[in-house]
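Asks: Quick one: the structure is below, questions incoming.
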Amino acid sequence: MWNNISLHDPWWLMLLGFIPLVMWLRNKWMSKHGVTAINMPVQSSKTPLTWRVLVYKCIEPIFWLSIVILVVAMARPQSEHAEESVKGEGIDIFLVMDLSSSMLARDFEPDRLTVSKQVAIDFVSHRTYDRIGLAVFAGESYTQCPLTNDHEVLKEYLAGLACGELEDGTAIGMGLAAAVNRLKDSGAKSKVVVLLTDGVNNAGYIRPATAADIAKEFGIKVYTIGVGSYGQALAPVRRRTNGEYMFGVTNVEIDEELLKTIATETGGKYYRAVSAEALQQVYNEIDQLEKTEVEITVYKRYQELYYWPLITGLLLLSLIFILRSTIVRSLPY
């Protein structure tokens, strides 16, 4: 237990070295003037040894004990959870999310993007030992979050995704390339991209086939997901000057052949999700991917413990005040 306790400001303990000196000087002064700790004449030989006298004799030791405890509190004791390496079953995964305006289509409730974020967050919650990253794309792409074991941060990024922050369009090749670029130097034996889109590649200067070839060269498996119902859906058709989207009925167009080719070439699999339930099932299946043993470093975390000695010291001082105001306020002598 005590092996996990450390002090944030240990130099405060230097004050403890002055306590014996103060006690000696105080006792010397008291002996010279013939007074006790509570300014009573020293007549211990004439004072009957009662329980009140015993309480009185304990006051000074309690006082110095409280001072010692308060000095320890000032040194800020902390509970240290030591750094350790944990072996777990994990892989490196990069989520690639489409943020084109069509992701606001309302064939999902309330829309495709909201459902996709919720399901992705749930997926991340189940991948305890995986390093997971996030890339987003529309007419362009960028890495939102590099590979990390801090899943809480990643889930915050996922929850904050919104359409309209990137130039509109669907640059599938750019999104895939962003993820591949982050995974290619990974030392993990198993590297996976989960790419979700609802459209047809129509932007970007990297062709999806080229990005897929690079992924294959670096042993990166790509699972592709086409999200959207069949037929028509209520989706954004244009945008007002104030940034507000105007909706209209449009045809649902997903380049399934391209997504199937990317998945097949890299050893992955293509899925079509036409509802929120279907999308959840897709992620559940991907969650059953093969896993590779990896070593994860868990860094030190600290829990503040100073309040325990602080409270104890203050309670002891309060006890002394109460005793001097009541029980030992006056003693027979």
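Identifiers in the structure tokens: chain A, B, ... in order shown; residue index from 1 per chain; ligand index from 1 in order shown.
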Could you pull the residues within 8 Å of Gln78 in chain A, counting only C-alpha atoms, minus those fewer than 5 positions along the same chain, as a ChimeraX atom specification?
Replies: /A:5-8,302-306
Asks: Restricting the output to N, CA and C atoms, write the selected residues as a PDB file, in the first residue's frame.
Replies:
ATOM      1  N   ILE A   5       2.448   5.429  -2.463  1.00  0.00           N
ATOM      2  CA  ILE A   5       2.280   6.790  -1.968  1.00  0.00           C
ATOM      3  C   ILE A   5       3.519   7.619  -2.301  1.00  0.00           C
ATOM      4  N   SER A   6       3.300   8.791  -2.884  1.00  0.00           N
ATOM      5  CA  SER A   6       4.394   9.718  -3.170  1.00  0.00           C
ATOM      6  C   SER A   6       3.988  11.118  -2.735  1.00  0.00           C
ATOM      7  N   LEU A   7       4.982  12.016  -2.632  1.00  0.00           N
ATOM      8  CA  LEU A   7       4.734  13.399  -2.211  1.00  0.00           C
ATOM      9  C   LEU A   7       5.003  14.343  -3.370  1.00  0.00           C
ATOM     10  N   HIS A   8       4.054  15.215  -3.637  1.00  0.00           N
ATOM     11  CA  HIS A   8       4.211  16.166  -4.735  1.00  0.00           C
ATOM     12  C   HIS A   8       5.171  17.293  -4.365  1.00  0.00           C
ATOM     13  N   TYR A 302      -2.288   9.874 -10.777  1.00  0.00           N
ATOM     14  CA  TYR A 302      -2.168  10.235  -9.371  1.00  0.00           C
ATOM     15  C   TYR A 302      -3.528  10.636  -8.810  1.00  0.00           C
ATOM     16  N   GLN A 303      -3.745  10.232  -7.562  1.00  0.00           N
ATOM     17  CA  GLN A 303      -4.949  10.644  -6.843  1.00  0.00           C
ATOM     18  C   GLN A 303      -4.530  11.426  -5.607  1.00  0.00           C
ATOM     19  N   GLU A 304      -5.045  12.621  -5.457  1.00  0.00           N
ATOM     20  CA  GLU A 304      -4.665  13.470  -4.327  1.00  0.00           C
ATOM     21  C   GLU A 304      -5.166  12.873  -3.015  1.00  0.00           C
ATOM     22  N   LEU A 305      -4.276  12.848  -2.015  1.00  0.00           N
ATOM     23  CA  LEU A 305      -4.628  12.317  -0.698  1.00  0.00           C
ATOM     24  C   LEU A 305      -4.419  13.346   0.415  1.00  0.00           C
ATOM     25  N   TYR A 306      -3.984  14.569   0.058  1.00  0.00           N
ATOM     26  CA  TYR A 306      -3.630  15.558   1.076  1.00  0.00           C
ATOM     27  C   TYR A 306      -4.789  15.907   1.992  1.00  0.00           C
TER      28      TYR A 306
END
Asks: Tell me, as a list of chain:residue names, which residues lie within 9 Å of Leu176 in chain A, counting only C-alpha atoms; anything in the same chain fewer than 6 positions away does not count.
Replies: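 Those residues are A:Val96, A:Ala135, A:Phe137, A:Ser141, A:Val193, A:Leu195, A:Pro208, A:Ala211, A:Ala212, A:Ala215, A:Val222.
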Asks: Could you please take those selected residues and save N, CA and C atoms as a PDB file, in the first residue's frame?
Replies:
ATOM      1  N   VAL A  96     -12.589   6.041 -41.032  1.00  0.00           N
ATOM      2  CA  VAL A  96     -12.630   7.092 -42.057  1.00  0.00           C
ATOM      3  C   VAL A  96     -14.091   7.435 -42.284  1.00  0.00           C
ATOM      4  N   ALA A 135      -9.990   9.713 -39.423  1.00  0.00           N
ATOM      5  CA  ALA A 135      -9.803  10.631 -40.547  1.00  0.00           C
ATOM      6  C   ALA A 135     -11.173  10.966 -41.114  1.00  0.00           C
ATOM      7  N   PHE A 137     -13.408  13.088 -44.416  1.00  0.00           N
ATOM      8  CA  PHE A 137     -13.282  13.615 -45.769  1.00  0.00           C
ATOM      9  C   PHE A 137     -14.630  14.107 -46.280  1.00  0.00           C
ATOM     10  N   SER A 141      -9.686  16.061 -47.316  1.00  0.00           N
ATOM     11  CA  SER A 141      -9.629  15.194 -46.156  1.00  0.00           C
ATOM     12  C   SER A 141      -8.528  15.649 -45.207  1.00  0.00           C
ATOM     13  N   VAL A 193      -8.592  -0.462 -41.807  1.00  0.00           N
ATOM     14  CA  VAL A 193      -9.319   0.781 -42.060  1.00  0.00           C
ATOM     15  C   VAL A 193     -10.793   0.445 -42.190  1.00  0.00           C
ATOM     16  N   LEU A 195     -13.895   2.308 -43.603  1.00  0.00           N
ATOM     17  CA  LEU A 195     -14.254   3.495 -44.389  1.00  0.00           C
ATOM     18  C   LEU A 195     -15.760   3.527 -44.601  1.00  0.00           C
ATOM     19  N   PRO A 208      -9.244   6.517 -55.672  1.00  0.00           N
ATOM     20  CA  PRO A 208      -9.493   5.455 -54.696  1.00  0.00           C
ATOM     21  C   PRO A 208      -8.687   4.188 -54.996  1.00  0.00           C
ATOM     22  N   ALA A 211      -5.143   4.647 -53.752  1.00  0.00           N
ATOM     23  CA  ALA A 211      -5.081   4.538 -52.291  1.00  0.00           C
ATOM     24  C   ALA A 211      -5.230   3.089 -51.853  1.00  0.00           C
ATOM     25  N   ALA A 212      -6.086   2.338 -52.541  1.00  0.00           N
ATOM     26  CA  ALA A 212      -6.271   0.924 -52.211  1.00  0.00           C
ATOM     27  C   ALA A 212      -5.001   0.131 -52.494  1.00  0.00           C
ATOM     28  N   ALA A 215      -2.617   0.767 -49.729  1.00  0.00           N
ATOM     29  CA  ALA A 215      -3.051   0.038 -48.535  1.00  0.00           C
ATOM     30  C   ALA A 215      -2.664  -1.433 -48.645  1.00  0.00           C
ATOM     31  N   VAL A 222      -8.943  -3.105 -45.629  1.00  0.00           N
ATOM     32  CA  VAL A 222      -9.947  -2.039 -45.668  1.00  0.00           C
ATOM     33  C   VAL A 222     -11.348  -2.636 -45.694  1.00  0.00           C
TER      34      VAL A 222
END
Asks: Write down as a PyMOL selection string the residues of range 218-256 of chain A whose backbone DSSP state falls under strand (DSSP E or B).
Replies: chain A and resi 220-227+232-239+245-251
Asks: What does the file look like for those residues with C-alpha atoms, as a PDB file, in the first residue's frame?
Replies:
ATOM      1  CA  ILE A 220      -3.685  -2.717 -44.517  1.00  0.00           C
ATOM      2  CA  LYS A 221      -7.094  -4.360 -44.670  1.00  0.00           C
ATOM      3  CA  VAL A 222      -9.947  -2.039 -45.668  1.00  0.00           C
ATOM      4  CA  TYR A 223     -13.552  -2.639 -44.670  1.00  0.00           C
ATOM      5  CA  THR A 224     -15.909  -0.406 -46.610  1.00  0.00           C
ATOM      6  CA  ILE A 225     -19.435   0.583 -45.621  1.00  0.00           C
ATOM      7  CA  GLY A 226     -22.015   2.121 -47.921  1.00  0.00           C
ATOM      8  CA  VAL A 227     -24.579   3.881 -45.737  1.00  0.00           C
ATOM      9  CA  GLN A 232     -34.748   8.137 -52.842  1.00  0.00           C
ATOM     10  CA  ALA A 233     -34.166  10.112 -49.660  1.00  0.00           C
ATOM     11  CA  LEU A 234     -34.686  13.603 -48.295  1.00  0.00           C
ATOM     12  CA  ALA A 235     -31.216  15.178 -48.487  1.00  0.00           C
ATOM     13  CA  PRO A 236     -29.526  18.594 -48.829  1.00  0.00           C
ATOM     14  CA  VAL A 237     -29.815  19.981 -52.361  1.00  0.00           C
ATOM     15  CA  ARG A 238     -28.243  23.405 -51.833  1.00  0.00           C
ATOM     16  CA  ARG A 239     -27.048  25.758 -49.142  1.00  0.00           C
ATOM     17  CA  TYR A 245     -29.075  23.535 -45.851  1.00  0.00           C
ATOM     18  CA  MET A 246     -32.169  23.282 -48.020  1.00  0.00           C
ATOM     19  CA  PHE A 247     -33.568  19.768 -48.408  1.00  0.00           C
ATOM     20  CA  GLY A 248     -35.186  17.993 -51.314  1.00  0.00           C
ATOM     21  CA  VAL A 249     -35.856  14.449 -52.486  1.00  0.00           C
ATOM     22  CA  THR A 250     -32.798  13.005 -54.263  1.00  0.00           C
ATOM     23  CA  ASN A 251     -31.691   9.620 -55.567  1.00  0.00           C
TER      24      ASN A 251
END
Asks: Range 106-119 of chain A: which residues within 7 Å, counting only C-alpha atoms, same-chain residues fewer than 5 positions away excluded, as a PyMOL selection string?
Replies: chain A and resi 158-159+228-229+233-235+275-276+280
Asks: Please save N, CA and C atoms of the selected residues as a PDB file, in the first residue's frame.
Replies:
ATOM      1  N   LEU A 158     -15.367  12.150 -32.343  1.00  0.00           N
ATOM      2  CA  LEU A 158     -16.463  11.571 -33.121  1.00  0.00           C
ATOM      3  C   LEU A 158     -17.768  12.326 -32.859  1.00  0.00           C
ATOM      4  N   ALA A 159     -18.028  12.601 -31.594  1.00  0.00           N
ATOM      5  CA  ALA A 159     -19.274  13.291 -31.242  1.00  0.00           C
ATOM      6  C   ALA A 159     -19.333  14.698 -31.832  1.00  0.00           C
ATOM      7  N   GLY A 228     -26.869   4.189 -46.426  1.00  0.00           N
ATOM      8  CA  GLY A 228     -27.972   4.854 -47.123  1.00  0.00           C
ATOM      9  C   GLY A 228     -28.987   3.840 -47.615  1.00  0.00           C
ATOM     10  N   SER A 229     -30.259   4.250 -47.658  1.00  0.00           N
ATOM     11  CA  SER A 229     -31.322   3.359 -48.113  1.00  0.00           C
ATOM     12  C   SER A 229     -31.295   3.240 -49.636  1.00  0.00           C
ATOM     13  N   ALA A 233     -34.219   9.660 -51.052  1.00  0.00           N
ATOM     14  CA  ALA A 233     -34.166  10.112 -49.660  1.00  0.00           C
ATOM     15  C   ALA A 233     -34.193  11.625 -49.621  1.00  0.00           C
ATOM     16  N   LEU A 234     -34.683  12.151 -48.508  1.00  0.00           N
ATOM     17  CA  LEU A 234     -34.686  13.603 -48.295  1.00  0.00           C
ATOM     18  C   LEU A 234     -33.269  14.004 -47.877  1.00  0.00           C
ATOM     19  N   ALA A 235     -32.621  14.828 -48.729  1.00  0.00           N
ATOM     20  CA  ALA A 235     -31.216  15.178 -48.487  1.00  0.00           C
ATOM     21  C   ALA A 235     -30.972  16.632 -48.897  1.00  0.00           C
ATOM     22  N   SER A 275     -30.074   0.916 -42.779  1.00  0.00           N
ATOM     23  CA  SER A 275     -30.790   1.397 -41.593  1.00  0.00           C
ATOM     24  C   SER A 275     -29.814   1.476 -40.429  1.00  0.00           C
ATOM     25  N   ALA A 276     -30.264   2.111 -39.361  1.00  0.00           N
ATOM     26  CA  ALA A 276     -29.417   2.223 -38.174  1.00  0.00           C
ATOM     27  C   ALA A 276     -29.112   0.843 -37.603  1.00  0.00           C
ATOM     28  N   GLN A 280     -25.422  -0.948 -37.211  1.00  0.00           N
ATOM     29  CA  GLN A 280     -24.945  -1.498 -35.938  1.00  0.00           C
ATOM     30  C   GLN A 280     -24.461  -2.934 -36.128  1.00  0.00           C
TER      31      GLN A 280
END
Asks: Go through A:Gly199, A:Gly219, A:Gly160, A:Gly169 and flag the residue nearest Ser186 in chain A, using only C-alpha atoms for the distances.
Replies: A:Gly219
